[in-house]
Amino acid sequence: MLYAYSVCTRAQALRPLKSTMKPIIPLPPILLIDDDPLVIETLRDLCESMECHRQLHHLDTGSAFDAAADPTLGLIICDYRFPSSSGVSFIEQVRKRGIETPVLFISGTPDSDAVLKAANLKRTAFLSKPFTISRFREAIYGLLELSPSVAA
């Protein structure tokens with residue numbers, strides 16, 4: 001017996017079949033900040049599956065600081081821990097500049113202190129790795145105040 005296998009990208013695998021999709025509201029540009037290039041790639045694919053086709057990618061908070069000031073940004077997705085800093089301290093500096101872009105913190109090693117620090121900042125959410133695609137989408141839709149029934 002012969003079997004045919006299809007090769008697809010991760011983004012293609014994440015997209016629901018067009019015939020079963022409800023209308024999707026395109027997401028605004030998103031700033032992705034993580035020190036792991038594979039995590040950036042995965043986040044990029046997840047965002048593209050949600051109709052966000054413009055993302056800015058940075059591997060550290062230092063290089064992302066100016067990008068965070070982009071007035072077209074709708075969301076910042078930021079790792080909680082970096083080798084030389086924390087995502088919370090980065091966002092605190094961003095907030096001091098008067099930038100109130102919503103932030104989704106992601107961490108593979110969450111602790112209660114991390115969650116509390118993130119919760120004390122305005123317009124933030126915290127997601128622990130590993131997470132499901134539905135939890136990721138719910139967090140983004142919640143921060144952007146989009147209805148999941150319209151955007152899902």
# chains A, B, ... in the order shown; residues from 1 in each chain; ligands from 1

$ residues_around --residues "Cys78 (chain A)" --least-positions-apart "5" --cutoff "7 Å" --atoms "only C-alpha atoms" --output "PDB file with C-alpha atoms, in the first residue's frame"
ATOM      1  CA  LEU A  32       7.689  39.894  19.794  1.00  0.00           C
ATOM      2  CA  ILE A  33      10.560  39.858  22.308  1.00  0.00           C
ATOM      3  CA  ASP A  34      12.253  36.626  23.393  1.00  0.00           C
ATOM      4  CA  GLY A  87      10.512  41.623  30.815  1.00  0.00           C
ATOM      5  CA  LEU A 104       1.373  39.543  27.104  1.00  0.00           C
ATOM      6  CA  PHE A 105       4.175  38.133  29.268  1.00  0.00           C
ATOM      7  CA  ILE A 106       5.235  34.560  28.537  1.00  0.00           C
TER       8      ILE A 106
END

$ residues_around --residues "region 121-130 of chain A" --least-positions-apart "6" --cutoff "9 Å" --atoms "only C-alpha atoms" --output "NGL selection string"
:A and (80 or 88 or 91-92 or 95 or 100-110 or 114-115 or 136 or 139-140 or 142-143)

$ select_by_dssp --residues "region 22-98 of chain A" --states "strand (DSSP E or B)" --output "VMD selection string"
chain A and resid 30 to 33 55 to 58 75 to 79 81 86

$ atom_distance --atom1 "CA of Thr132 (chain A)" --atom2 "CA of Thr72 (chain A)"
27.3 Å

$ closest_residue --among "A:Asp45, A:Asp70, A:Asp113, A:Glu51" --to "Ile25 (chain A)" --atoms "only C-alpha atoms"
A:Glu51

$ atom_distance --atom1 "CA of Leu27 (chain A)" --atom2 "CA of Met50 (chain A)"
7.1 Å

$ atom_distance --atom1 "CA of Asn120 (chain A)" --atom2 "CA of Pro83 (chain A)"
22.5 Å

$ closest_residue --among "A:Asp79, A:Ala69, A:Pro37, A:Lys117" --to "Gly98 (chain A)" --atoms "only C-alpha atoms"
A:Ala69

$ closest_residue --among "A:Ile77, A:Leu116, A:Leu146, A:Ala67" --to "Arg44 (chain A)" --atoms "only C-alpha atoms"
A:Ile77
